[in-house]
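Colleague: Take a look at this one; I'll ask things after.
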Amino acid sequence: MDWQPILLSLELAGITTVILLFAGIPLAYLLANHRSRWKPFLETLISMPLVLPPTVLGFYILVAFSPSYLFGAWLEKWLAIRLVFSFGGLVVASMIYSLPFMVQPIQAALQSLPHSLTEAGLTLGKSRWVILRRILIPNIRPAILTGTVLSFAHTIGEFGVILMIGGNIPGRTRVASVAIFEAVETLNYRAANAYALILLVITFLIVWLVSWINGRSFNTWNR
Amino acid sequence: MDQWQELQYLEPMIRWHFKKRLHSAQGIMELDVQSLALPGTITGLFGPSGSGKTSILRMMAGLMTPDEGHLQVDDTVWYDSNSQKNTSPQHRSVGFVFQDYALFPHLKVQENLLFGLPKEDSPKIIDELMQMMDLHSLADRYPRQLSGGQQQRVALARAIVRKPRILLLDEPLAALDASMRQTLQDYLIRLKDTYNLTIFLVSHDLPELFKLAQQVCVIEQGQLIRQGSPAELFSSETVSGRYRAQGTIVQIRPTGVLFLVDVLVGSEVVNVLATSEDLLGLQVGSPVLIISKAFNPFIVGMNV
């Protein structure tokens, strides 16, 4: 059996999740503490991947990344980056696709913390950064774990977006879910079953692990 | 202390004037209150809930920005709407004890105190405060493992770690039972004297204000109604009594010409006879003072 698609899936999910973790916490903090007119708009935008068909998302990302259009052309010309049909493109697309799974649980947890914790930190002379790092984050660890795991599992299960912008290039964009699709198309049910079973076991273990660590149902974030 | 220093010391240390339009459950309220406080004194802020007392504390701390006003502590201006000055809470020297204590749940008692210690300060003060507040035996406990009174002591100690110029207490003793309250009031007085703190205290409790405050500001609907010492404010000048107690009417029964009034004082019910004139404007639930003059106790509606 060819393990490459499985490893590629894990690599993609790992990189995406780590970057999302660093981007998601500040974003969730801003959303939890901001009361501007733009907040509902921004929240809706971040939540779109939850309801949008992956093909729709994939199509627009493909158009955006394509060197034939403005943004893609700019990337290629100034940064020499081509995101279409490349692993880098998959990472960027996965980040957009999995963003709500990271941001929403963390934002909900930050909003549920008493505001007096932050204010106590302020009257003790600490900056908002120190308060976030040393007071808020340690008190929302379960939500951060939930967000991390859900993002990871969701990225592993990604299919439509990847097929749209990554295609099916072995070793570069052929992740496990795409490999399953290809195996079924070529009537290689044996390989499809092997990939599918491995994905099933991995995702089950991850989600089970998080609900075990949190000691309660993992969907408490969905408030 | 030479004479000049003493004179300066006697100058009103804290001058404050806050104007703010507040949006509350009852609608919009215009808060406009100003007063002075002497160093080393306790000022009580008294009044019905929703009258703006907590907002005043928050504006002193810089957690809320007034629409207009002025706040000066000694010769330092922390807030002035004319000169656009607004010092951030981090750079005002305040300690704040929140109603819910706001202890950091993931830190032990000692770590809660250490969090407030500025980098350049010696940790000696932590030890000193733990000693003074009898916290040493609790040093390694987490806040959730503490009783209400213990949490309160930690919150008080933490607020003083930075040796603030003013200490703000938002109804900190409200949730505690009577004996616990007594003990904490004693701790508070000890802290005030040791660190020469100027304290502002929101309280609903008259005995507490009598015990602690040198000055009380009575605030209603965002306005300063009266100001003075607790004795001046809460004792009617027309009566001279030996014994007073604060209570609440729980029952009024007619007995011929007079009325038998049951007043709940602390956990006991006291029976008082009253005429229909005495009871004018009073009903079940009204707060009253029971005053024992010579022999018979009688009741007076509290003018608050």
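By order of appearance in the structure tokens: chains A, B, ..., then residues from 1 within every chain, and ligands from 1 in the order shown.
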Starting from chain B, keep only residues with some atom at most 12 Å from an atom of chain A, counting only C-alpha atoms, and report them as an MDAnalysis selection string.

Modeller: chainID B and resid 57:64 87:107 111:119 155:164 166:168 170

Colleague: DSSP on the backbone, helix (DSSP H, G or I) only: what residues of stretch 133-246 of chain B does that give? Format it as a VMD selection string.

Modeller: chain B and resid 136 to 138 143 to 145 148 to 160 178 to 195 206 to 212 230 to 234

Colleague: Using only C-alpha atoms, find the one residue out of B:Ser203, B:Gly149, B:Gly301, B:Gln283 that sits nearest to B:Ala178.

Modeller: B:Gly149

Colleague: Provide the atom CA of A:Ser112 to atom CA of A:Pro26 distance in Å, to one decimal place.

Modeller: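 Separation of atom CA of A:Ser112 and atom CA of A:Pro26: 16.3 Å.
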